[in-house]
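S.K.: Submitted below is the structure of interest, expressed as structure tokens.
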There are 2 protein chains.
Amino acid sequence: MVKKVLKFGGTSVGTIKRIQHVAALIKKELSLDNKIIVIVSAMAGKTNELIKLSSEISDKFSKRELDVLLTSGEQVSCALLSGALINLKVKAKSWLNWQIPILTSGEHSNARIINMHVEKINEFLNDGGVAVIPGFQGISKQGDITTIGRGGSDATAVATAKIFNADTCEIYTDVDGVFSTDPNKIPVAKKIDKISYDEMLELSSLGAKVMQSSAVQTAMIYDIPLEVKSTFTERKGTKIFNQENIDYSKSVTGVAYSKDDAKITITGVEDKPGVAANLFEPLNKAQINVDMVIQNISSDQKTTDITFTVKRDDILKTKMILKENTKINYKKIIQNDKVAKISIVGAGMVSTPGVTYRMFRALSDEKINILAISTSEIKLSVLIEEDNTLKAIKKLHTTFDLD
Amino acid sequence: MVKKVLKFGGTSVGTIKRIQHVAALIKKELSLDNKIIVIVSAMAGKTNELIKLSSEISDKFSKRELDVLLTSGEQVSCALLSGALINLKVKAKSWLNWQIPILTSGEHSNARIINMHVEKINEFLNDGGVAVIPGFQGISKQGDITTIGRGGSDATAVATAKIFNADTCEIYTDVDGVFSTDPNKIPVAKKIDKISYDEMLELSSLGAKVMQSSAVQTAMIYDIPLEVKSTFTERKGTKIFNQENIDYSKSVTGVAYSKDDAKITITGVEDKPGVAANLFEPLNKAQINVDMVIQNISSDQKTTDITFTVKRDDILKTKMILKENTKINYKKIIQNDKVAKISIVGAGMVSTPGVTYRMFRALSDEKINILAISTSEIKLSVLIEEDNTLKAIKKLHTTFDLD
């Protein structure tokens, strides 16, 4: 007997027909002698609709009340799915955030699940029942409703799998799994059968929208096997687990891209020790994440240009902090947000020589200029002009035998 | 300092604009040095929308899950109204059914509020806060979500007023108050300034949709002054309280009508003692409420016809029970649901002679045939052909000086 956590995203429960389809799918899983805990998102579009209502009242709508408002969305899908299961003669029951309870710490709209009471639900599972739990939410120690951030249902699923000691956690969504690159842009993109947590993490944080990064991280820490699969097809999904379980025939697993970054260049900075520290310390304090950094060789031996990237959302804040920084002198600040970050990801990269060279050569063949570079053990990212995004992805996908 | 419970119905919070209007109204009440507890319904149309979703899954949708589903509606309006109040710099907070908690007994979809914890909310009120509470719901001893029937927000308001020892309970709605008859049908209908609980009860149960009957009943038992008023005008509403506080200048307070009844005639019943008992006992057991009863004088001294009314919804069940009844013999059952019940209501009736006579004469003047009659201390109802409804109401409204 296998204990499974099954998570269904917003599109999977977006209509009554789909909810009924999901109920049938769960019934089948139950008939295979599994114990089933289900996590559901709000019906597709619902959360945005509720946010819109609140923003008609105020852009600074009370965070406490926003959490009360938004969590109603999962309450609805929980009740409908439980009702659909009962209608199929499946023993099922919704358990709301306070009924379990799902205990969280942290602030409203950005809480973290720290515990769930397992006894009653385990009893119910032992009696052959399916427990249906709302994703994305919990309650604080003070008994207030909290949410755990957009896409938080993935985090709920992984936390549930961990706390209930589940054997596996399956993320049902509207795509077949994780792809070698965005299948909407590159038709030859291929579904990846197996991928390591690290690679998945890099892909998620680099723009692959399949799973929420922090959920993958939690799964990695607690070694919870994940599977991302489609609610609507019978195809096998992508299994995500420990690197050691994966046989790497290819050095590169996937190509990701993101348009979340912006490039900032500061010209005419004094070229002396301590300047970079003085420059980046206040940004760090303000929790602005600086990704890629390049320092030009100074032509006059006295001043230099420093280029770095930050998230586009942080651009205004970054420029404000730079202007208020009295410890550095500079000529001017140049901003460019028409850039894209293209990354190749693969746990096999570290043991395969020449990957870096092959990437640079491929881009050069396409006459694509590299504006900045950053690397990690399993990832190599370059910043390029946004217009070149598609061309770059296509070329790299072919270069690393992913087509 | 006056402690008030203010209840806002679905149309009063039907849009964001209206929610903001209600927030401003509450702010004003608070500035008058009142302590305010607010009860809100779901936004207009929301509950029906949710019921529709559940019925797409099944007509026999799980009652437990239906309660989970429906209560999300008030959760939404609670959060939006609290957020709107906070946006107006009013200290406010939503308290959900389990956060208070609102304890109920009885079955799903038909529970009854038995208690609420008052300490924390009283503390909040003492600090100048407005507590916003969802109507229509509670939790059971087992910690399941329950609802207290359609229109149950009125019941929540009255129960809250009782449990929190409020000085008054104001029911905000989309009409100006209680009228002498249906203002949509009879333009000369007049708003009643003061009315007794008994009269209000009769009017509610006779078809005036302004307030839920059981809520009026609770208010009467615990002597909680009610006021029904419009959310959208500044006009005075209708005050509902003890009879002794009301000065009756008129014998009749209002004319009500309902089309909920059906007439059943059983012909050729043996005319001997015990027949009526044998006839009505099984109906009573099946909880079918028999309202008006007429027994014809038998022409042949051996058989008679018995006519009575039941709710239209109970007609099929009634006929089935009659057919299964082996203790009575009869020729046939004749059914007529094209009937209307017209009632005059007034606490002054009992002390005013001739009201009955004047009613019959008025109907006779209009050539309206009376099919059945029932009376109580403060009410006189007649059954007539449905087609005559409007004519009868108009005539009675004039006859008893209500225009």
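Labels used: A, B, ... for chains in the order of the structure tokens, numbers from 1 for residues in each chain, and numbers from 1 for ligands as shown.
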Which residues are close to A:Phe124, i.e. within 12 Å by only C-alpha atoms, leaving aside same-chain residues fewer than 2 positions away? Reply as a list in words.
M.R.: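 My reading of the contact set: Lys35, Ile36, Ile37, Lys91, Ala92, Lys93, Ser94, Trp95, Val118, Glu119, Lys120, Ile121, Asn122, Asn126, Asp127, Gly128, Gly129, Val130, Ala131 and Val132 of chain A.
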S.K.: For chain A against chain B, which residues fall within 9 Å using only C-alpha atoms, given as a PyMOL selection string?
M.R.: chain A and resi 16-17+19-20+50+53-54+56-58+60-73+75-80+82-84+86-87+93-94+96+98-99+143-144
S.K.: Any chance you could lay chain A over chain B, fitting all C-alpha atoms in order by least squares, and write the moved chain as a compact mmCIF listing (two decimals) with C-alpha atoms, in the first residue's frame?
M.R.:
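And here is the file that came out, selection-v4.txt:
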# COMPACT_ATOMS: atom_id res chain seq x y z
CA MET A 1 -22.89 53.88 24.54
CA VAL A 2 -25.23 51.58 22.62
CA LYS A 3 -24.27 48.10 21.43
CA LYS A 4 -25.75 47.44 18.00
CA VAL A 5 -25.91 44.47 15.68
CA LEU A 6 -26.16 45.63 12.06
CA LYS A 7 -27.08 43.05 9.44
CA PHE A 8 -26.53 43.65 5.73
CA GLY A 9 -28.29 41.43 3.19
CA GLY A 10 -27.00 40.19 -0.14
CA THR A 11 -28.12 43.17 -2.24
CA SER A 12 -26.58 45.57 0.31
CA VAL A 13 -23.15 44.03 -0.35
CA GLY A 14 -23.84 43.02 -3.95
CA THR A 15 -21.06 45.08 -5.54
CA ILE A 16 -17.78 46.65 -4.42
CA LYS A 17 -19.42 50.11 -4.61
CA ARG A 18 -22.18 48.94 -2.28
CA ILE A 19 -19.69 47.37 0.11
CA GLN A 20 -17.88 50.70 0.25
CA HIS A 21 -21.19 52.45 0.89
CA VAL A 22 -21.95 50.03 3.72
CA ALA A 23 -18.47 50.61 5.17
CA ALA A 24 -19.12 54.36 5.21
CA LEU A 25 -22.49 53.79 6.88
CA ILE A 26 -20.84 51.65 9.57
CA LYS A 27 -18.13 54.24 10.10
CA LYS A 28 -20.84 56.85 10.72
CA GLU A 29 -22.61 54.58 13.22
CA LEU A 30 -19.30 54.02 15.01
CA SER A 31 -18.65 57.76 15.18
CA LEU A 32 -21.94 58.10 17.09
CA ASP A 33 -20.24 56.28 19.95
CA ASN A 34 -21.88 52.92 19.26
CA LYS A 35 -20.33 49.49 19.64
CA ILE A 36 -20.86 47.69 16.35
CA ILE A 37 -21.12 44.04 15.41
CA VAL A 38 -21.82 43.50 11.72
CA ILE A 39 -23.44 40.41 10.17
CA VAL A 40 -23.11 40.01 6.41
CA SER A 41 -24.78 37.83 3.83
CA ALA A 42 -23.06 36.56 0.71
CA MET A 43 -22.97 38.99 -2.22
CA ALA A 44 -26.30 38.90 -4.08
CA GLY A 45 -26.53 35.93 -6.44
CA LYS A 46 -23.47 34.20 -4.98
CA THR A 47 -25.28 31.53 -3.00
CA ASN A 48 -27.44 30.57 -5.99
CA GLU A 49 -24.34 30.43 -8.17
CA LEU A 50 -22.66 28.02 -5.74
CA ILE A 51 -25.80 25.88 -5.46
CA LYS A 52 -25.89 25.69 -9.25
CA LEU A 53 -22.28 24.43 -9.34
CA SER A 54 -23.10 21.71 -6.82
CA SER A 55 -26.25 20.67 -8.67
CA GLU A 56 -24.23 20.24 -11.86
CA ILE A 57 -22.45 17.48 -9.97
CA SER A 58 -25.54 15.99 -8.36
CA ASP A 59 -29.03 16.88 -7.16
CA LYS A 60 -28.13 14.88 -4.08
CA PHE A 61 -24.85 16.69 -3.47
CA SER A 62 -23.37 15.80 -0.06
CA LYS A 63 -25.04 18.01 2.56
CA ARG A 64 -21.82 18.32 4.55
CA GLU A 65 -19.87 19.51 1.51
CA LEU A 66 -22.70 21.79 0.38
CA ASP A 67 -22.37 23.64 3.69
CA VAL A 68 -18.60 23.93 3.18
CA LEU A 69 -19.27 25.25 -0.32
CA LEU A 70 -21.98 27.78 0.51
CA THR A 71 -20.31 29.30 3.56
CA SER A 72 -17.47 30.49 1.34
CA GLY A 73 -19.89 33.16 0.06
CA GLU A 74 -20.13 34.98 3.39
CA GLN A 75 -16.39 34.52 3.95
CA VAL A 76 -15.82 36.60 0.80
CA SER A 77 -18.18 39.42 1.80
CA CYS A 78 -16.82 39.43 5.37
CA ALA A 79 -13.26 39.88 4.11
CA LEU A 80 -14.22 42.53 1.55
CA LEU A 81 -16.27 44.55 4.05
CA SER A 82 -13.55 44.33 6.70
CA GLY A 83 -10.97 45.43 4.13
CA ALA A 84 -13.23 48.32 3.07
CA LEU A 85 -13.60 49.43 6.69
CA ILE A 86 -9.85 49.25 7.32
CA ASN A 87 -9.37 51.30 4.17
CA LEU A 88 -11.58 53.99 5.78
CA LYS A 89 -9.27 53.88 8.83
CA VAL A 90 -11.83 52.00 10.87
CA LYS A 91 -10.42 49.32 13.14
CA ALA A 92 -12.16 46.19 11.84
CA LYS A 93 -11.68 42.46 11.65
CA SER A 94 -13.51 39.51 10.14
CA TRP A 95 -14.32 36.63 12.50
CA LEU A 96 -15.19 33.42 10.71
CA ASN A 97 -17.56 30.76 12.04
CA TRP A 98 -14.73 28.71 13.57
CA GLN A 99 -12.78 31.71 14.84
CA ILE A 100 -15.58 32.91 17.12
CA PRO A 101 -16.77 30.06 17.16
CA ILE A 102 -20.49 30.08 16.31
CA LEU A 103 -21.71 26.81 17.80
CA THR A 104 -24.74 25.14 16.26
CA SER A 105 -26.85 22.06 16.84
CA GLY A 106 -28.97 20.22 14.32
CA GLU A 107 -28.36 18.82 10.89
CA HIS A 108 -26.50 20.22 7.91
CA SER A 109 -28.36 22.96 5.99
CA ASN A 110 -30.81 23.31 8.86
CA ALA A 111 -28.74 23.93 11.97
CA ARG A 112 -29.53 26.30 14.83
CA ILE A 113 -27.15 28.66 16.64
CA ILE A 114 -26.82 27.63 20.28
CA ASN A 115 -23.87 29.71 21.43
CA MET A 116 -21.06 32.06 20.47
CA HIS A 117 -17.91 32.89 22.44
CA VAL A 118 -18.12 36.55 23.35
CA GLU A 119 -14.92 37.42 25.26
CA LYS A 120 -12.50 38.17 22.43
CA ILE A 121 -15.06 40.03 20.34
CA ASN A 122 -16.21 42.08 23.34
CA GLU A 123 -12.59 43.00 24.02
CA PHE A 124 -12.26 44.08 20.39
CA LEU A 125 -15.46 46.16 20.60
CA ASN A 126 -14.20 47.79 23.80
CA ASP A 127 -11.07 48.79 21.90
CA GLY A 128 -13.26 50.56 19.35
CA GLY A 129 -13.15 47.77 16.77
CA VAL A 130 -15.93 46.66 14.43
CA ALA A 131 -16.39 42.88 14.39
CA VAL A 132 -17.57 41.52 11.03
CA ILE A 133 -19.27 38.13 11.21
CA PRO A 134 -20.58 35.88 8.42
CA GLY A 135 -24.30 35.21 8.55
CA PHE A 136 -26.07 31.91 7.81
CA GLN A 137 -23.46 29.59 9.32
CA GLY A 138 -21.69 28.03 12.24
CA ILE A 139 -19.88 24.88 13.27
CA SER A 140 -21.17 21.73 14.91
CA LYS A 141 -19.85 20.17 18.10
CA GLN A 142 -17.87 17.81 15.86
CA GLY A 143 -16.21 20.78 14.18
CA ASP A 144 -18.05 20.48 10.88
CA ILE A 145 -19.30 23.55 9.05
CA THR A 146 -23.07 23.97 9.20
CA THR A 147 -25.60 26.36 7.70
CA ILE A 148 -28.84 27.52 9.21
CA GLY A 149 -31.13 27.64 6.17
CA ARG A 150 -31.77 30.18 3.41
CA GLY A 151 -32.18 33.72 4.74
CA GLY A 152 -30.34 32.50 7.82
CA SER A 153 -28.33 35.69 8.14
CA ASP A 154 -31.35 37.27 9.88
CA ALA A 155 -31.25 34.43 12.41
CA THR A 156 -27.51 34.98 12.89
CA ALA A 157 -28.14 38.69 13.52
CA VAL A 158 -30.83 38.08 16.13
CA ALA A 159 -28.86 35.29 17.83
CA THR A 160 -25.81 37.56 17.94
CA ALA A 161 -27.85 40.40 19.43
CA LYS A 162 -29.16 38.03 22.08
CA ILE A 163 -25.84 36.37 22.95
CA PHE A 164 -23.89 39.66 22.97
CA ASN A 165 -26.64 41.41 24.89
CA ALA A 166 -26.98 44.08 22.21
CA ASP A 167 -29.38 46.97 22.69
CA THR A 168 -30.76 46.74 19.19
CA CYS A 169 -30.59 44.73 15.99
CA GLU A 170 -30.89 46.56 12.68
CA ILE A 171 -31.69 44.64 9.53
CA TYR A 172 -30.42 46.61 6.51
CA THR A 173 -32.04 45.59 3.26
CA ASP A 174 -33.05 46.90 -0.16
CA VAL A 175 -36.51 48.12 0.88
CA ASP A 176 -37.44 50.95 3.21
CA GLY A 177 -39.05 48.70 5.80
CA VAL A 178 -42.20 46.67 6.30
CA PHE A 179 -45.18 47.77 4.19
CA SER A 180 -48.93 47.54 4.69
CA THR A 181 -48.91 45.28 1.64
CA ASP A 182 -46.60 44.42 -1.27
CA PRO A 183 -45.52 47.84 -2.65
CA ASN A 184 -44.58 46.23 -5.96
CA LYS A 185 -48.22 45.24 -6.55
CA ILE A 186 -50.10 47.99 -4.75
CA PRO A 187 -48.50 51.39 -5.24
CA VAL A 188 -50.48 52.96 -2.39
CA ALA A 189 -48.90 50.52 0.09
CA LYS A 190 -47.54 52.42 3.05
CA LYS A 191 -44.44 51.87 5.16
CA ILE A 192 -45.33 50.84 8.71
CA ASP A 193 -43.37 52.79 11.35
CA LYS A 194 -43.92 50.42 14.25
CA ILE A 195 -45.15 46.87 14.36
CA SER A 196 -45.33 44.16 17.00
CA TYR A 197 -43.38 40.91 16.83
CA ASP A 198 -46.65 38.95 16.44
CA GLU A 199 -47.80 41.01 13.52
CA MET A 200 -44.40 40.84 11.88
CA LEU A 201 -44.40 37.09 12.37
CA GLU A 202 -47.78 36.74 10.72
CA LEU A 203 -46.72 39.00 7.86
CA SER A 204 -43.43 37.10 7.38
CA SER A 205 -45.02 33.71 7.41
CA LEU A 206 -47.79 34.97 5.13
CA GLY A 207 -45.45 36.00 2.37
CA ALA A 208 -43.90 39.37 3.26
CA LYS A 209 -40.28 38.56 2.39
CA VAL A 210 -38.66 41.30 4.48
CA MET A 211 -37.44 39.13 7.35
CA GLN A 212 -37.06 35.46 8.08
CA SER A 213 -39.83 34.20 10.42
CA SER A 214 -37.70 32.23 12.84
CA ALA A 215 -35.46 35.25 13.36
CA VAL A 216 -38.49 37.37 14.32
CA GLN A 217 -39.61 34.58 16.64
CA THR A 218 -36.26 34.53 18.43
CA ALA A 219 -36.33 38.32 18.74
CA MET A 220 -39.81 38.09 20.27
CA ILE A 221 -38.83 35.42 22.79
CA TYR A 222 -35.81 37.41 23.99
CA ASP A 223 -37.43 40.82 23.51
CA ILE A 224 -34.73 42.16 21.19
CA PRO A 225 -35.83 45.38 19.47
CA LEU A 226 -35.50 45.06 15.68
CA GLU A 227 -35.42 47.68 13.00
CA VAL A 228 -35.78 46.93 9.30
CA LYS A 229 -34.39 49.74 7.15
CA SER A 230 -32.89 50.52 3.77
CA THR A 231 -29.15 50.47 3.15
CA PHE A 232 -29.60 52.93 0.32
CA THR A 233 -31.80 55.70 1.72
CA GLU A 234 -31.63 57.73 4.90
CA ARG A 235 -35.32 57.11 5.60
CA LYS A 236 -36.52 55.74 8.90
CA GLY A 237 -37.29 52.05 8.79
CA THR A 238 -39.85 49.90 10.58
CA LYS A 239 -39.33 49.24 14.28
CA ILE A 240 -40.40 45.86 15.52
CA PHE A 241 -40.94 45.38 19.24
CA ASN A 242 -43.30 44.42 22.00
CA GLN A 243 -47.00 44.99 21.49
CA GLU A 244 -47.28 47.10 24.62
CA ASN A 245 -45.03 49.74 23.10
CA ILE A 246 -47.34 50.26 20.19
CA ASP A 247 -50.30 52.61 20.03
CA TYR A 248 -52.89 51.04 17.75
CA SER A 249 -54.98 53.60 15.96
CA LYS A 250 -55.89 51.09 13.27
CA SER A 251 -57.38 47.67 13.72
CA VAL A 252 -55.52 46.24 10.73
CA THR A 253 -51.80 46.83 10.19
CA GLY A 254 -51.25 45.12 6.88
CA VAL A 255 -52.55 42.91 4.12
CA ALA A 256 -50.44 39.93 3.09
CA TYR A 257 -50.81 37.33 0.39
CA SER A 258 -49.16 34.09 -0.47
CA LYS A 259 -49.35 31.64 -3.33
CA ASP A 260 -47.71 28.81 -1.43
CA ASP A 261 -50.92 26.95 -0.69
CA ALA A 262 -52.94 24.31 -2.47
CA LYS A 263 -56.44 23.09 -1.79
CA ILE A 264 -57.37 19.42 -1.58
CA THR A 265 -60.95 18.14 -1.46
CA ILE A 266 -61.84 14.56 -0.60
CA THR A 267 -65.35 13.66 -1.66
CA GLY A 268 -67.64 10.93 -0.41
CA VAL A 269 -66.05 10.45 3.00
CA GLU A 270 -68.17 8.59 5.60
CA ASP A 271 -69.83 11.11 7.90
CA LYS A 272 -69.10 9.58 11.31
CA PRO A 273 -66.99 10.44 14.35
CA GLY A 274 -63.26 9.81 14.09
CA VAL A 275 -63.03 10.26 10.34
CA ALA A 276 -61.22 13.61 10.53
CA ALA A 277 -58.79 12.18 13.07
CA ASN A 278 -58.10 9.16 10.87
CA LEU A 279 -57.63 11.46 7.92
CA PHE A 280 -55.24 14.00 9.44
CA GLU A 281 -53.20 11.84 11.82
CA PRO A 282 -50.90 10.35 9.14
CA LEU A 283 -50.40 13.80 7.58
CA ASN A 284 -49.38 15.18 10.95
CA LYS A 285 -46.95 12.30 11.42
CA ALA A 286 -45.38 13.12 8.05
CA GLN A 287 -44.94 16.72 9.22
CA ILE A 288 -47.35 18.06 6.63
CA ASN A 289 -48.91 21.23 7.92
CA VAL A 290 -52.67 21.36 7.32
CA ASP A 291 -53.82 24.97 7.46
CA MET A 292 -57.50 25.55 6.64
CA VAL A 293 -60.15 22.84 7.00
CA ILE A 294 -63.80 22.83 5.90
CA GLN A 295 -66.26 20.00 6.27
CA ASN A 296 -69.41 20.24 4.15
CA ILE A 297 -72.79 19.45 5.61
CA SER A 298 -73.64 16.07 4.18
CA SER A 299 -76.63 15.97 1.90
CA ASP A 300 -77.39 12.29 2.29
CA GLN A 301 -76.50 12.08 6.01
CA LYS A 302 -74.05 9.31 5.14
CA THR A 303 -71.11 10.87 3.29
CA THR A 304 -69.51 14.30 3.27
CA ASP A 305 -66.70 16.26 1.50
CA ILE A 306 -63.67 17.47 3.41
CA THR A 307 -61.54 20.33 2.05
CA PHE A 308 -58.19 21.44 3.46
CA THR A 309 -55.05 23.32 2.42
CA VAL A 310 -51.41 22.30 2.55
CA LYS A 311 -48.23 23.90 1.18
CA ARG A 312 -47.96 23.40 -2.57
CA ASP A 313 -44.61 21.67 -2.07
CA ASP A 314 -46.34 19.02 0.04
CA ILE A 315 -49.05 18.16 -2.46
CA LEU A 316 -47.55 14.98 -3.91
CA LYS A 317 -46.62 13.66 -0.49
CA THR A 318 -50.12 14.46 0.79
CA LYS A 319 -51.86 12.60 -2.01
CA MET A 320 -49.59 9.62 -1.56
CA ILE A 321 -50.37 9.44 2.14
CA LEU A 322 -54.11 9.78 1.48
CA LYS A 323 -54.01 6.92 -1.02
CA GLU A 324 -52.11 4.69 1.39
CA ASN A 325 -54.57 5.45 4.21
CA THR A 326 -56.65 2.28 4.71
CA LYS A 327 -58.70 3.75 7.56
CA ILE A 328 -60.81 6.02 5.37
CA ASN A 329 -63.07 5.42 2.40
CA TYR A 330 -63.75 8.12 -0.14
CA LYS A 331 -64.85 8.70 -3.72
CA LYS A 332 -62.10 10.88 -5.11
CA ILE A 333 -59.40 13.45 -4.39
CA ILE A 334 -59.68 16.84 -6.11
CA GLN A 335 -56.68 19.15 -6.13
CA ASN A 336 -56.57 22.89 -6.84
CA ASP A 337 -53.35 24.85 -6.62
CA LYS A 338 -54.59 27.92 -8.44
CA VAL A 339 -55.47 29.52 -5.13
CA ALA A 340 -54.11 32.39 -3.06
CA LYS A 341 -54.27 33.06 0.65
CA ILE A 342 -55.08 36.66 1.53
CA SER A 343 -54.60 37.72 5.14
CA ILE A 344 -55.28 40.82 7.16
CA VAL A 345 -52.99 41.20 10.15
CA GLY A 346 -53.28 43.54 13.12
CA ALA A 347 -52.73 43.38 16.84
CA GLY A 348 -55.68 45.78 17.15
CA MET A 349 -58.11 43.31 15.57
CA VAL A 350 -58.87 41.44 18.75
CA SER A 351 -60.27 44.58 20.40
CA THR A 352 -62.10 45.90 17.33
CA PRO A 353 -65.49 44.33 16.62
CA GLY A 354 -66.66 43.75 13.08
CA VAL A 355 -63.33 43.23 11.36
CA THR A 356 -64.31 39.77 10.15
CA TYR A 357 -67.66 40.99 8.84
CA ARG A 358 -66.04 43.97 7.06
CA MET A 359 -63.55 41.66 5.35
CA PHE A 360 -66.23 39.27 4.08
CA ARG A 361 -68.45 42.15 2.91
CA ALA A 362 -65.54 43.79 1.06
CA LEU A 363 -64.70 40.58 -0.81
CA SER A 364 -68.35 39.96 -1.54
CA ASP A 365 -68.65 43.50 -3.00
CA GLU A 366 -65.92 42.50 -5.46
CA LYS A 367 -67.72 39.19 -6.17
CA ILE A 368 -64.76 37.22 -4.85
CA ASN A 369 -65.68 33.77 -3.60
CA ILE A 370 -64.19 32.62 -0.28
CA LEU A 371 -63.00 29.00 -0.50
CA ALA A 372 -61.77 28.60 3.09
CA ILE A 373 -61.11 30.65 6.20
CA SER A 374 -58.65 30.48 9.06
CA THR A 375 -58.23 32.83 11.97
CA SER A 376 -55.89 33.62 14.83
CA GLU A 377 -55.84 36.34 17.51
CA ILE A 378 -54.21 38.88 15.18
CA LYS A 379 -54.86 37.44 11.74
CA LEU A 380 -57.72 36.55 9.44
CA SER A 381 -56.91 34.57 6.29
CA VAL A 382 -59.14 33.58 3.41
CA LEU A 383 -58.45 31.31 0.49
CA ILE A 384 -59.59 32.64 -2.89
CA GLU A 385 -59.05 31.87 -6.57
CA GLU A 386 -55.55 33.00 -7.56
CA ASP A 387 -56.87 35.26 -10.35
CA ASN A 388 -58.57 37.46 -7.78
CA THR A 389 -55.42 38.14 -5.74
CA LEU A 390 -54.74 41.70 -6.82
CA LYS A 391 -58.36 42.77 -6.70
CA ALA A 392 -58.72 41.39 -3.18
CA ILE A 393 -55.57 43.04 -1.83
CA LYS A 394 -56.55 46.42 -3.27
CA LYS A 395 -60.04 46.26 -1.86
CA LEU A 396 -58.93 45.18 1.63
CA HIS A 397 -56.14 47.79 1.69
CA THR A 398 -58.75 50.49 1.08
CA THR A 399 -61.39 48.97 3.34
CA PHE A 400 -59.06 49.05 6.35
CA ASP A 401 -57.79 52.62 5.74
CA LEU A 402 -54.26 51.57 4.76
CA ASP A 403 -53.95 53.54 1.47
S.K.: Can you list, as a PyMOL selection string, every residue of stretch 2-195 of chain B that DSSP puts in alpha helix (DSSP H)?
M.R.: chain B and resi 16-31+46-57+63-87+119-126+152-163
S.K.: Per DSSP on the backbone, what are the strand (DSSP E) residues of stretch 51-254 of chain B, as a PyMOL selection string?
M.R.: chain B and resi 92-94+102-105+112-116+130-134+137-139+145-147+168-173+194-196+226-230+238-241+254
